[in-house]
file structure_3.cif (mmCIF, C-alpha atoms)
data_target
#
loop_
_atom_site.group_PDB
_atom_site.id
_atom_site.type_symbol
_atom_site.label_atom_id
_atom_site.label_comp_id
_atom_site.auth_asym_id
_atom_site.auth_seq_id
_atom_site.Cartn_x
_atom_site.Cartn_y
_atom_site.Cartn_z
ATOM 1 C CA MET A 1 -17.015 32.274 6.063
ATOM 2 C CA ALA A 2 -18.913 31.601 9.247
ATOM 3 C CA ASP A 3 -18.185 27.855 9.029
ATOM 4 C CA GLU A 4 -14.745 28.390 10.484
ATOM 5 C CA SER A 5 -16.088 29.804 13.723
ATOM 6 C CA LEU A 6 -18.739 27.097 14.095
ATOM 7 C CA PHE A 7 -16.360 24.488 15.366
ATOM 8 C CA ASP A 8 -14.346 26.983 17.437
ATOM 9 C CA PHE A 9 -17.474 27.964 19.352
ATOM 10 C CA LEU A 10 -18.671 24.382 19.701
ATOM 11 C CA HIS A 11 -15.278 23.369 21.028
ATOM 12 C CA MET A 12 -15.247 26.169 23.610
ATOM 13 C CA GLU A 13 -18.673 25.088 24.787
ATOM 14 C CA ILE A 14 -17.647 21.414 24.955
ATOM 15 C CA VAL A 15 -14.691 22.294 27.178
ATOM 16 C CA SER A 16 -16.808 24.468 29.432
ATOM 17 C CA HIS A 17 -19.549 21.824 29.648
ATOM 18 C CA VAL A 18 -17.157 19.025 30.587
ATOM 19 C CA TYR A 19 -15.661 21.127 33.371
ATOM 20 C CA LYS A 20 -19.062 22.207 34.672
ATOM 21 C CA GLU A 21 -20.292 18.602 34.721
ATOM 22 C CA GLN A 22 -17.302 17.504 36.706
ATOM 23 C CA GLN A 23 -17.754 20.314 39.147
ATOM 24 C CA ALA A 24 -21.501 19.793 39.661
ATOM 25 C CA GLY A 25 -22.097 18.817 43.249
ATOM 26 C CA LYS A 26 -18.611 19.564 44.464
ATOM 27 C CA GLY A 27 -17.551 23.073 45.340
ATOM 28 C CA GLU A 28 -13.908 22.887 44.397
ATOM 29 C CA MET A 29 -12.088 21.074 41.638
ATOM 30 C CA ASP A 30 -9.045 19.140 42.689
ATOM 31 C CA ASN A 31 -6.335 17.801 40.478
ATOM 32 C CA LYS A 32 -8.015 14.432 40.055
ATOM 33 C CA ASP A 33 -11.138 16.108 38.657
ATOM 34 C CA ARG A 34 -9.070 18.170 36.282
ATOM 35 C CA ALA A 35 -7.355 15.033 35.062
ATOM 36 C CA VAL A 36 -10.734 13.372 34.461
ATOM 37 C CA CYS A 37 -11.925 16.348 32.398
ATOM 38 C CA VAL A 38 -8.784 16.318 30.293
ATOM 39 C CA SER A 39 -9.097 12.594 29.616
ATOM 40 C CA VAL A 40 -12.785 12.939 28.675
ATOM 41 C CA LEU A 41 -11.888 15.619 26.131
ATOM 42 C CA GLU A 42 -8.948 13.625 24.868
ATOM 43 C CA SER A 43 -10.994 10.478 24.344
ATOM 44 C CA MET A 44 -13.627 12.486 22.428
ATOM 45 C CA GLY A 45 -10.857 13.729 20.199
ATOM 46 C CA PHE A 46 -9.508 10.194 19.783
ATOM 47 C CA ARG A 47 -12.760 8.878 18.298
ATOM 48 C CA VAL A 48 -13.058 11.924 16.038
ATOM 49 C CA GLY A 49 -9.482 11.462 14.848
ATOM 50 C CA GLN A 50 -10.126 7.820 13.968
ATOM 51 C CA GLY A 51 -13.136 8.656 11.823
ATOM 52 C CA LEU A 52 -11.507 11.687 10.230
ATOM 53 C CA ILE A 53 -8.391 9.866 9.142
ATOM 54 C CA GLU A 54 -10.464 7.182 7.444
ATOM 55 C CA ARG A 55 -12.144 9.869 5.371
ATOM 56 C CA LEU A 56 -9.030 11.880 4.637
ATOM 57 C CA THR A 57 -6.764 9.009 3.587
ATOM 58 C CA ARG A 58 -9.404 7.383 1.421
ATOM 59 C CA ASP A 59 -7.752 8.294 -1.838
ATOM 60 C CA SER A 60 -4.126 8.733 -0.913
ATOM 61 C CA PRO A 61 -1.555 6.005 -1.507
ATOM 62 C CA SER A 62 -0.081 3.998 1.364
ATOM 63 C CA PHE A 63 2.579 5.647 3.481
ATOM 64 C CA LYS A 64 6.181 4.557 3.219
ATOM 65 C CA ASP A 65 7.242 4.982 6.845
ATOM 66 C CA GLU A 66 6.608 6.840 10.091
ATOM 67 C CA LEU A 67 8.143 10.080 8.850
ATOM 68 C CA ASP A 68 5.884 9.976 5.799
ATOM 69 C CA VAL A 69 2.856 9.606 8.085
ATOM 70 C CA MET A 70 3.983 12.544 10.253
ATOM 71 C CA LYS A 71 4.505 14.706 7.197
ATOM 72 C CA PHE A 72 0.986 13.856 6.051
ATOM 73 C CA VAL A 73 -0.338 14.796 9.497
ATOM 74 C CA CYS A 74 1.549 18.095 9.391
ATOM 75 C CA LYS A 75 0.445 19.099 5.925
ATOM 76 C CA ASP A 76 -2.805 17.603 4.619
ATOM 77 C CA PHE A 77 -4.382 16.591 7.903
ATOM 78 C CA TRP A 78 -3.577 19.844 9.689
ATOM 79 C CA THR A 79 -4.854 21.832 6.706
ATOM 80 C CA LYS A 80 -8.176 20.034 6.643
ATOM 81 C CA VAL A 81 -8.720 20.138 10.379
ATOM 82 C CA PHE A 82 -7.084 23.365 11.560
ATOM 83 C CA ARG A 83 -6.996 25.284 8.266
ATOM 84 C CA ARG A 84 -3.228 25.799 8.222
ATOM 85 C CA GLN A 85 -0.065 23.732 8.046
ATOM 86 C CA VAL A 86 2.207 22.938 10.926
ATOM 87 C CA ASP A 87 5.052 25.461 10.932
ATOM 88 C CA ASN A 88 7.818 23.280 12.215
ATOM 89 C CA LEU A 89 8.322 19.523 12.521
ATOM 90 C CA ARG A 90 11.278 18.254 14.498
ATOM 91 C CA THR A 91 12.253 14.696 15.241
ATOM 92 C CA ASN A 92 14.944 12.786 16.991
ATOM 93 C CA HIS A 93 14.474 9.952 14.492
ATOM 94 C CA GLN A 94 13.756 7.645 17.367
ATOM 95 C CA GLY A 95 10.006 7.958 17.572
ATOM 96 C CA THR A 96 9.633 11.442 19.076
ATOM 97 C CA TYR A 97 8.215 14.258 16.955
ATOM 98 C CA VAL A 98 7.486 17.846 17.905
ATOM 99 C CA LEU A 99 4.945 19.731 15.806
ATOM 100 C CA GLN A 100 4.939 23.463 16.249
ATOM 101 C CA ASP A 101 2.016 25.576 15.158
ATOM 102 C CA ASN A 102 2.531 29.304 15.587
ATOM 103 C CA LYS A 103 -1.079 30.288 15.228
ATOM 104 C CA PHE A 104 -3.136 27.382 16.495
ATOM 105 C CA SER A 105 -6.700 27.992 15.396
ATOM 106 C CA LEU A 106 -8.342 26.885 18.645
ATOM 107 C CA LEU A 107 -6.170 29.279 20.672
ATOM 108 C CA THR A 108 -6.254 32.458 18.567
ATOM 109 C CA GLN A 109 -9.428 33.705 20.211
ATOM 110 C CA LEU A 110 -8.069 33.305 23.734
ATOM 111 C CA SER A 111 -5.181 35.726 23.738
ATOM 112 C CA ASN A 112 -2.120 36.965 21.909
ATOM 113 C CA GLY A 113 0.483 36.700 24.607
ATOM 114 C CA LYS A 114 0.715 35.326 28.083
ATOM 115 C CA GLN A 115 -2.798 36.104 29.277
ATOM 116 C CA TYR A 116 -4.910 33.022 30.107
ATOM 117 C CA LEU A 117 -1.864 30.781 29.715
ATOM 118 C CA ASP A 118 -3.041 28.545 32.563
ATOM 119 C CA GLN A 119 -6.372 27.933 30.796
ATOM 120 C CA ALA A 120 -4.761 26.914 27.533
ATOM 121 C CA PRO A 121 -4.159 23.190 28.248
ATOM 122 C CA LYS A 122 -7.926 22.621 28.559
ATOM 123 C CA TYR A 123 -8.364 23.767 25.000
ATOM 124 C CA LEU A 124 -5.606 21.559 23.666
ATOM 125 C CA ALA A 125 -6.800 18.239 25.102
ATOM 126 C CA PHE A 126 -9.315 17.601 22.322
ATOM 127 C CA SER A 127 -6.747 18.306 19.600
ATOM 128 C CA CYS A 128 -4.223 15.987 21.241
ATOM 129 C CA GLY A 129 -6.885 13.304 21.109
ATOM 130 C CA VAL A 130 -7.581 13.963 17.436
ATOM 131 C CA VAL A 131 -3.907 13.520 16.560
ATOM 132 C CA ARG A 132 -3.642 10.366 18.684
ATOM 133 C CA GLY A 133 -6.774 8.895 17.070
ATOM 134 C CA ALA A 134 -5.517 9.656 13.588
ATOM 135 C CA LEU A 135 -2.150 8.021 14.250
ATOM 136 C CA SER A 136 -3.739 5.035 15.936
ATOM 137 C CA ASN A 137 -5.861 4.275 12.899
ATOM 138 C CA LEU A 138 -2.776 4.506 10.705
ATOM 139 C CA GLY A 139 -1.166 1.823 12.821
ATOM 140 C CA MET A 140 0.992 3.954 15.140
ATOM 141 C CA ASP A 141 0.281 3.911 18.871
ATOM 142 C CA SER A 142 1.383 7.143 20.410
ATOM 143 C CA VAL A 143 1.214 9.498 23.347
ATOM 144 C CA VAL A 144 0.430 13.078 22.372
ATOM 145 C CA THR A 145 0.934 16.012 24.741
ATOM 146 C CA ALA A 146 0.790 19.726 24.122
ATOM 147 C CA GLU A 147 2.471 22.714 25.676
ATOM 148 C CA VAL A 148 2.048 26.445 25.277
ATOM 149 C CA SER A 149 4.532 29.124 26.227
ATOM 150 C CA VAL A 150 3.175 32.074 24.261
ATOM 151 C CA MET A 151 -0.305 32.117 22.813
ATOM 152 C CA PRO A 152 -1.391 31.306 20.151
ATOM 153 C CA SER A 153 1.698 29.281 19.371
ATOM 154 C CA CYS A 154 1.806 25.723 20.713
ATOM 155 C CA LYS A 155 3.885 22.583 20.436
ATOM 156 C CA PHE A 156 2.496 19.068 20.185
ATOM 157 C CA GLN A 157 4.848 16.334 21.247
ATOM 158 C CA VAL A 158 4.157 12.913 19.730
ATOM 159 C CA VAL A 159 5.966 9.911 21.138
ATOM 160 C CA ILE A 160 5.429 6.737 19.141
ATOM 161 C CA GLN A 161 5.093 3.685 21.350
ATOM 162 C CA LYS A 162 7.081 0.804 20.046
ATOM 163 C CA LEU A 163 6.002 -2.639 21.206
ATOM 164 C CA MET B 1 -21.640 -9.748 -9.144
ATOM 165 C CA ALA B 2 -19.938 -10.993 -6.064
ATOM 166 C CA VAL B 3 -20.611 -14.250 -4.318
ATOM 167 C CA CYS B 4 -19.080 -13.231 -1.004
ATOM 168 C CA ILE B 5 -17.911 -9.922 0.477
ATOM 169 C CA ALA B 6 -15.843 -9.589 3.635
ATOM 170 C CA VAL B 7 -14.389 -6.709 5.629
ATOM 171 C CA ILE B 8 -11.459 -7.619 7.860
ATOM 172 C CA ALA B 9 -10.023 -5.440 10.602
ATOM 173 C CA LYS B 10 -6.365 -4.631 10.899
ATOM 174 C CA GLU B 11 -6.004 -7.233 13.632
ATOM 175 C CA ASN B 12 -7.235 -9.792 11.094
ATOM 176 C CA TYR B 13 -10.639 -10.615 12.520
ATOM 177 C CA PRO B 14 -13.772 -10.183 10.416
ATOM 178 C CA LEU B 15 -15.819 -7.029 10.865
ATOM 179 C CA TYR B 16 -18.390 -8.043 8.310
ATOM 180 C CA ILE B 17 -18.804 -11.104 6.174
ATOM 181 C CA ARG B 18 -21.707 -11.902 3.929
ATOM 182 C CA SER B 19 -22.160 -14.545 1.271
ATOM 183 C CA VAL B 20 -24.846 -15.734 -1.058
ATOM 184 C CA PRO B 21 -27.100 -17.740 1.258
ATOM 185 C CA THR B 22 -27.724 -20.790 -0.892
ATOM 186 C CA GLN B 23 -24.165 -22.046 -0.718
ATOM 187 C CA ASN B 24 -22.142 -23.571 2.068
ATOM 188 C CA GLU B 25 -21.155 -20.410 3.910
ATOM 189 C CA LEU B 26 -18.367 -21.983 5.898
ATOM 190 C CA LYS B 27 -16.483 -22.638 2.674
ATOM 191 C CA PHE B 28 -16.485 -18.909 1.942
ATOM 192 C CA HIS B 29 -15.327 -18.062 5.432
ATOM 193 C CA TYR B 30 -12.450 -20.445 4.896
ATOM 194 C CA THR B 31 -11.605 -18.979 1.480
ATOM 195 C CA VAL B 32 -11.525 -15.468 2.926
ATOM 196 C CA HIS B 33 -9.362 -16.634 5.792
ATOM 197 C CA THR B 34 -6.797 -18.211 3.501
ATOM 198 C CA SER B 35 -6.772 -15.145 1.271
ATOM 199 C CA LEU B 36 -5.509 -13.114 4.243
ATOM 200 C CA ASP B 37 -2.089 -14.737 3.863
ATOM 201 C CA VAL B 38 -1.897 -13.585 0.278
ATOM 202 C CA VAL B 39 -2.938 -10.084 1.306
ATOM 203 C CA GLU B 40 -0.172 -9.916 3.898
ATOM 204 C CA GLU B 41 2.332 -11.078 1.320
ATOM 205 C CA LYS B 42 1.238 -8.414 -1.142
ATOM 206 C CA ILE B 43 1.372 -5.658 1.457
ATOM 207 C CA SER B 44 4.903 -6.507 2.503
ATOM 208 C CA ALA B 45 6.043 -7.003 -1.093
ATOM 209 C CA VAL B 46 4.864 -3.525 -2.052
ATOM 210 C CA GLY B 47 6.784 -2.132 0.883
ATOM 211 C CA LYS B 48 10.059 -3.515 -0.422
ATOM 212 C CA SER B 49 9.659 -2.238 -3.960
ATOM 213 C CA LEU B 50 9.784 1.399 -2.760
ATOM 214 C CA GLY B 51 7.318 2.592 -5.376
ATOM 215 C CA ASP B 52 6.145 6.165 -4.997
ATOM 216 C CA GLN B 53 2.530 5.523 -5.829
ATOM 217 C CA ARG B 54 1.360 2.614 -3.761
ATOM 218 C CA GLU B 55 -2.006 1.306 -4.753
ATOM 219 C CA LEU B 56 -4.742 0.375 -2.359
ATOM 220 C CA TYR B 57 -6.229 -2.106 -4.829
ATOM 221 C CA LEU B 58 -4.362 -5.414 -4.609
ATOM 222 C CA GLY B 59 -5.874 -7.136 -7.618
ATOM 223 C CA LEU B 60 -6.551 -10.823 -8.089
ATOM 224 C CA LEU B 61 -5.275 -12.596 -5.005
ATOM 225 C CA TYR B 62 -5.638 -16.119 -6.224
ATOM 226 C CA PRO B 63 -7.953 -18.150 -8.417
ATOM 227 C CA THR B 64 -9.473 -21.427 -7.280
ATOM 228 C CA GLU B 65 -11.294 -23.809 -9.582
ATOM 229 C CA ASP B 66 -14.679 -22.243 -8.817
ATOM 230 C CA TYR B 67 -13.886 -18.748 -7.656
ATOM 231 C CA LYS B 68 -11.611 -15.761 -8.016
ATOM 232 C CA VAL B 69 -10.637 -13.733 -4.960
ATOM 233 C CA TYR B 70 -9.820 -10.011 -5.124
ATOM 234 C CA GLY B 71 -8.328 -7.872 -2.379
ATOM 235 C CA TYR B 72 -8.075 -4.199 -1.359
ATOM 236 C CA VAL B 73 -6.438 -2.653 1.682
ATOM 237 C CA THR B 74 -7.110 0.800 3.110
ATOM 238 C CA ASN B 75 -4.603 3.126 4.730
ATOM 239 C CA SER B 76 -5.908 2.086 8.112
ATOM 240 C CA LYS B 77 -5.023 -1.528 7.236
ATOM 241 C CA VAL B 78 -8.648 -2.627 6.963
ATOM 242 C CA LYS B 79 -8.960 -5.251 4.233
ATOM 243 C CA PHE B 80 -11.817 -5.831 1.834
ATOM 244 C CA VAL B 81 -12.095 -9.193 0.119
ATOM 245 C CA ILE B 82 -14.479 -9.946 -2.723
ATOM 246 C CA VAL B 83 -15.068 -13.478 -4.006
ATOM 247 C CA VAL B 84 -16.605 -13.809 -7.469
ATOM 248 C CA ASP B 85 -17.740 -16.765 -9.491
ATOM 249 C CA SER B 86 -15.145 -17.948 -12.009
ATOM 250 C CA SER B 87 -17.800 -18.639 -14.589
ATOM 251 C CA ASN B 88 -18.669 -14.954 -14.625
ATOM 252 C CA THR B 89 -15.859 -13.945 -16.966
ATOM 253 C CA SER B 90 -17.560 -10.738 -18.075
ATOM 254 C CA LEU B 91 -16.464 -8.919 -14.924
ATOM 255 C CA ARG B 92 -13.633 -6.596 -15.840
ATOM 256 C CA ASP B 93 -10.921 -5.221 -13.585
ATOM 257 C CA ASN B 94 -12.530 -1.773 -13.660
ATOM 258 C CA GLU B 95 -15.786 -3.116 -12.359
ATOM 259 C CA ILE B 96 -14.053 -4.818 -9.460
ATOM 260 C CA ARG B 97 -12.207 -1.583 -8.708
ATOM 261 C CA SER B 98 -15.445 0.354 -8.664
ATOM 262 C CA MET B 99 -16.988 -2.229 -6.332
ATOM 263 C CA PHE B 100 -14.097 -1.701 -3.944
ATOM 264 C CA ARG B 101 -14.478 2.087 -4.242
ATOM 265 C CA LYS B 102 -18.125 1.831 -3.244
ATOM 266 C CA LEU B 103 -17.265 -0.459 -0.357
ATOM 267 C CA HIS B 104 -14.560 1.907 0.861
ATOM 268 C CA ASN B 105 -16.868 4.920 0.668
ATOM 269 C CA SER B 106 -19.566 3.077 2.566
ATOM 270 C CA PHE B 107 -17.043 1.884 5.133
ATOM 271 C CA THR B 108 -15.815 5.436 5.672
ATOM 272 C CA ASP B 109 -19.388 6.475 6.394
ATOM 273 C CA VAL B 110 -19.718 3.663 8.920
ATOM 274 C CA MET B 111 -16.512 4.770 10.648
ATOM 275 C CA CYS B 112 -17.797 8.321 10.973
ATOM 276 C CA ASN B 113 -20.997 7.134 12.640
ATOM 277 C CA PRO B 114 -20.663 8.107 16.310
ATOM 278 C CA PHE B 115 -22.692 5.076 17.377
ATOM 279 C CA HIS B 116 -20.202 2.732 15.793
ATOM 280 C CA ASN B 117 -17.103 1.821 17.773
ATOM 281 C CA PRO B 118 -14.113 0.979 15.637
ATOM 282 C CA GLY B 119 -13.432 -2.723 16.046
ATOM 283 C CA ASP B 120 -17.068 -3.724 16.455
ATOM 284 C CA GLN B 121 -19.043 -5.756 13.947
ATOM 285 C CA ILE B 122 -20.556 -3.551 11.283
ATOM 286 C CA GLN B 123 -24.287 -3.282 11.802
ATOM 287 C CA SER B 124 -25.151 -0.421 9.501
ATOM 288 C CA LYS B 125 -28.192 -0.875 7.290
ATOM 289 C CA ALA B 126 -26.727 1.449 4.689
ATOM 290 C CA PHE B 127 -23.636 -0.719 4.434
ATOM 291 C CA ASP B 128 -25.854 -3.807 4.151
ATOM 292 C CA GLY B 129 -27.710 -2.100 1.325
ATOM 293 C CA ILE B 130 -24.551 -1.389 -0.643
ATOM 294 C CA VAL B 131 -23.322 -4.965 -0.175
ATOM 295 C CA SER B 132 -26.689 -6.440 -1.254
ATOM 296 C CA GLY B 133 -26.499 -4.346 -4.367
ATOM 297 C CA MET B 134 -23.227 -6.012 -5.242
ATOM 298 C CA MET B 135 -24.098 -9.590 -4.437
ATOM 299 C CA VAL B 136 -25.470 -12.062 -6.930
ATOM 300 C CA GLN B 137 -29.242 -11.782 -7.141
ATOM 301 C CA THR B 138 -30.650 -15.182 -6.186
ATOM 302 C CA GLY B 139 -33.997 -16.403 -7.577
#

call {"tool": "encode", "arguments": {"input": "structure_3.cif", "output": "structure tokens"}}
result
Amino acid sequence: MADESLFDFLHMEIVSHVYKEQQAGKGEMDNKDRAVCVSVLESMGFRVGQGLIERLTRDSPSFKDELDVMKFVCKDFWTKVFRRQVDNLRTNHQGTYVLQDNKFSLLTQLSNGKQYLDQAPKYLAFSCGVVRGALSNLGMDSVVTAEVSVMPSCKFQVVIQKL
Amino acid sequence: MAVCIAVIAKENYPLYIRSVPTQNELKFHYTVHTSLDVVEEKISAVGKSLGDQRELYLGLLYPTEDYKVYGYVTNSKVKFVIVVDSSNTSLRDNEIRSMFRKLHNSFTDVMCNPFHNPGDQIQSKAFDGIVSGMMVQTG
């Protein structure tokens, strides 16, 4: 039972460590520093996503198309990584997908409403990276962003880059 | 027992290629390179047939007079190619499949190694060990 909290705690500490490192030496953090922290977290997530997807798709058959891949991400991948399925998947059928998770596991401990809303993006950067890494290894280059309006529900927007 | 084993990245450059040392290695490199065309053809052919269960194992790619070449592609479009001696007719399809399984498992472990960057040459000793186990024992 405790295994679930292990990663949650580790993740919180990773976020706090990255921000402390960036702030060491300087008194204030400006927007550029914040952007650096977010990209460090996102690139960590990217590498993790690449490795994870290799393990998780080892036995499954090849995917038919983009939508098939996104459905896999929403169901199997999300279950293995975040212990639940994505609640809502929307698409404009032109390469943009919005995944909505109403009880995102990395945000449940922060708050249940609007408190700490401004801190939430820090805790979503890693997960955006994981999704981007997973898609990249499946052959889809993408840009993944996340937004939160009410905790712990959040929306991940995936835009597939077409060459 | 394989004569040559190769792992090719999705951009079609080799991540790992190893052959039995006594032979002319360049010939194997060339064989693997030409087999890539056949792999591409098989991947796109499966796409058109709209089957529900699409296999990762591609089967016999093509036979030459001395060798038989088998292929396997993962979901991340990394290809494994195994070249076996034609004279070794006792190798059944199942055995080839299990060789590919072992390779895929070992490759997954390599990918999860934080010191390995995807796209680099594979330098893992464990992977080397698995491949040696599958190659023809010389001498």

call {"tool": "interface_residues", "arguments": {"input": "structure_3.cif", "of": "chain A", "to": "chain B", "cutoff": "7 Å", "atoms": "all atoms listed in the file", "output": "compact mmCIF listing (two decimals) with C-alpha atoms, in the coordinates of the input"}}
result
# COMPACT_ATOMS: atom_id res chain seq x y z
CA GLY A 51 -13.14 8.66 11.82
CA GLU A 54 -10.46 7.18 7.44
CA ARG A 55 -12.14 9.87 5.37
CA THR A 57 -6.76 9.01 3.59
CA PRO A 61 -1.56 6.00 -1.51
CA SER A 62 -0.08 4.00 1.36
CA ASN A 137 -5.86 4.28 12.90
CA LEU A 138 -2.78 4.51 10.70
CA GLY A 139 -1.17 1.82 12.82

call {"tool": "resolve_selection", "arguments": {"input": "structure_3.cif", "expression": "the PyMOL selection byres ((chain A and resi 85) around 10)", "output": "ChimeraX atom specification"}}
result
/A:73-84,86-88,100-104

call {"tool": "residues_around", "arguments": {"input": "structure_3.cif", "residues": "Val84 (chain B)", "least_positions_apart": "3", "cutoff": "8 Å", "atoms": "all atoms listed in the file", "output": "NGL selection string"}}
result
:B and (1-4 or 67-69 or 88)

call {"tool": "closest_residue", "arguments": {"input": "structure_3.cif", "among": "B:Ser124, B:Ser132, B:Ser35, B:Ser44", "to": "Thr64 (chain B)", "atoms": "all atoms listed in the file"}}
result
B:Ser35

call {"tool": "atom_distance", "arguments": {"input": "structure_3.cif", "atom1": "CA of Phe46 (chain A)", "atom2": "CA of Arg132 (chain A)"}}
result
6.0 Å

call {"tool": "atom_distance", "arguments": {"input": "structure_3.cif", "atom1": "CA of Ala6 (chain B)", "atom2": "CA of Ser60 (chain A)"}}
result
22.2 Å

call {"tool": "closest_residue", "arguments": {"input": "structure_3.cif", "among": "A:Arg47, A:Leu52, A:Val144, A:Phe126", "to": "Leu10 (chain A)", "atoms": "only C-alpha atoms"}}
result
A:Phe126

call {"tool": "atom_distance", "arguments": {"input": "structure_3.cif", "atom1": "CA of Asp33 (chain A)", "atom2": "CA of Leu6 (chain A)"}}
result
28.0 Å

call {"tool": "resolve_selection", "arguments": {"input": "structure_3.cif", "expression": "the PyMOL selection byres ((chain B and resi 9) around 8)", "output": "list in words"}}
result
Val7, Ile8, Lys10, Glu11, Asn12, Tyr13, Pro14, Leu15, Lys77, Val78, Lys79 and Gly119 of chain B

call {"tool": "write_last_selection", "arguments": {"input": "structure_3.cif", "atoms": "C-alpha atoms", "output": "mmCIF file, keeping the file's coordinate frame"}}
result
data_model
loop_
_atom_site.group_PDB
_atom_site.id
_atom_site.type_symbol
_atom_site.label_atom_id
_atom_site.label_comp_id
_atom_site.auth_asym_id
_atom_site.auth_seq_id
_atom_site.Cartn_x
_atom_site.Cartn_y
_atom_site.Cartn_z
ATOM 1 C CA VAL B 7 -14.389 -6.709 5.629
ATOM 2 C CA ILE B 8 -11.459 -7.619 7.860
ATOM 3 C CA LYS B 10 -6.365 -4.631 10.899
ATOM 4 C CA GLU B 11 -6.004 -7.233 13.632
ATOM 5 C CA ASN B 12 -7.235 -9.792 11.094
ATOM 6 C CA TYR B 13 -10.639 -10.615 12.520
ATOM 7 C CA PRO B 14 -13.772 -10.183 10.416
ATOM 8 C CA LEU B 15 -15.819 -7.029 10.865
ATOM 9 C CA LYS B 77 -5.023 -1.528 7.236
ATOM 10 C CA VAL B 78 -8.648 -2.627 6.963
ATOM 11 C CA LYS B 79 -8.960 -5.251 4.233
ATOM 12 C CA GLY B 119 -13.432 -2.723 16.046
#

call {"tool": "residues_around", "arguments": {"input": "structure_3.cif", "residues": "Glu13 (chain A)", "least_positions_apart": "6", "cutoff": "12 Å", "atoms": "all atoms listed in the file", "output": "list in words"}}
result
Leu6, Phe7, Tyr19, Lys20, Glu21, Leu41, Lys122 and Tyr123 of chain A
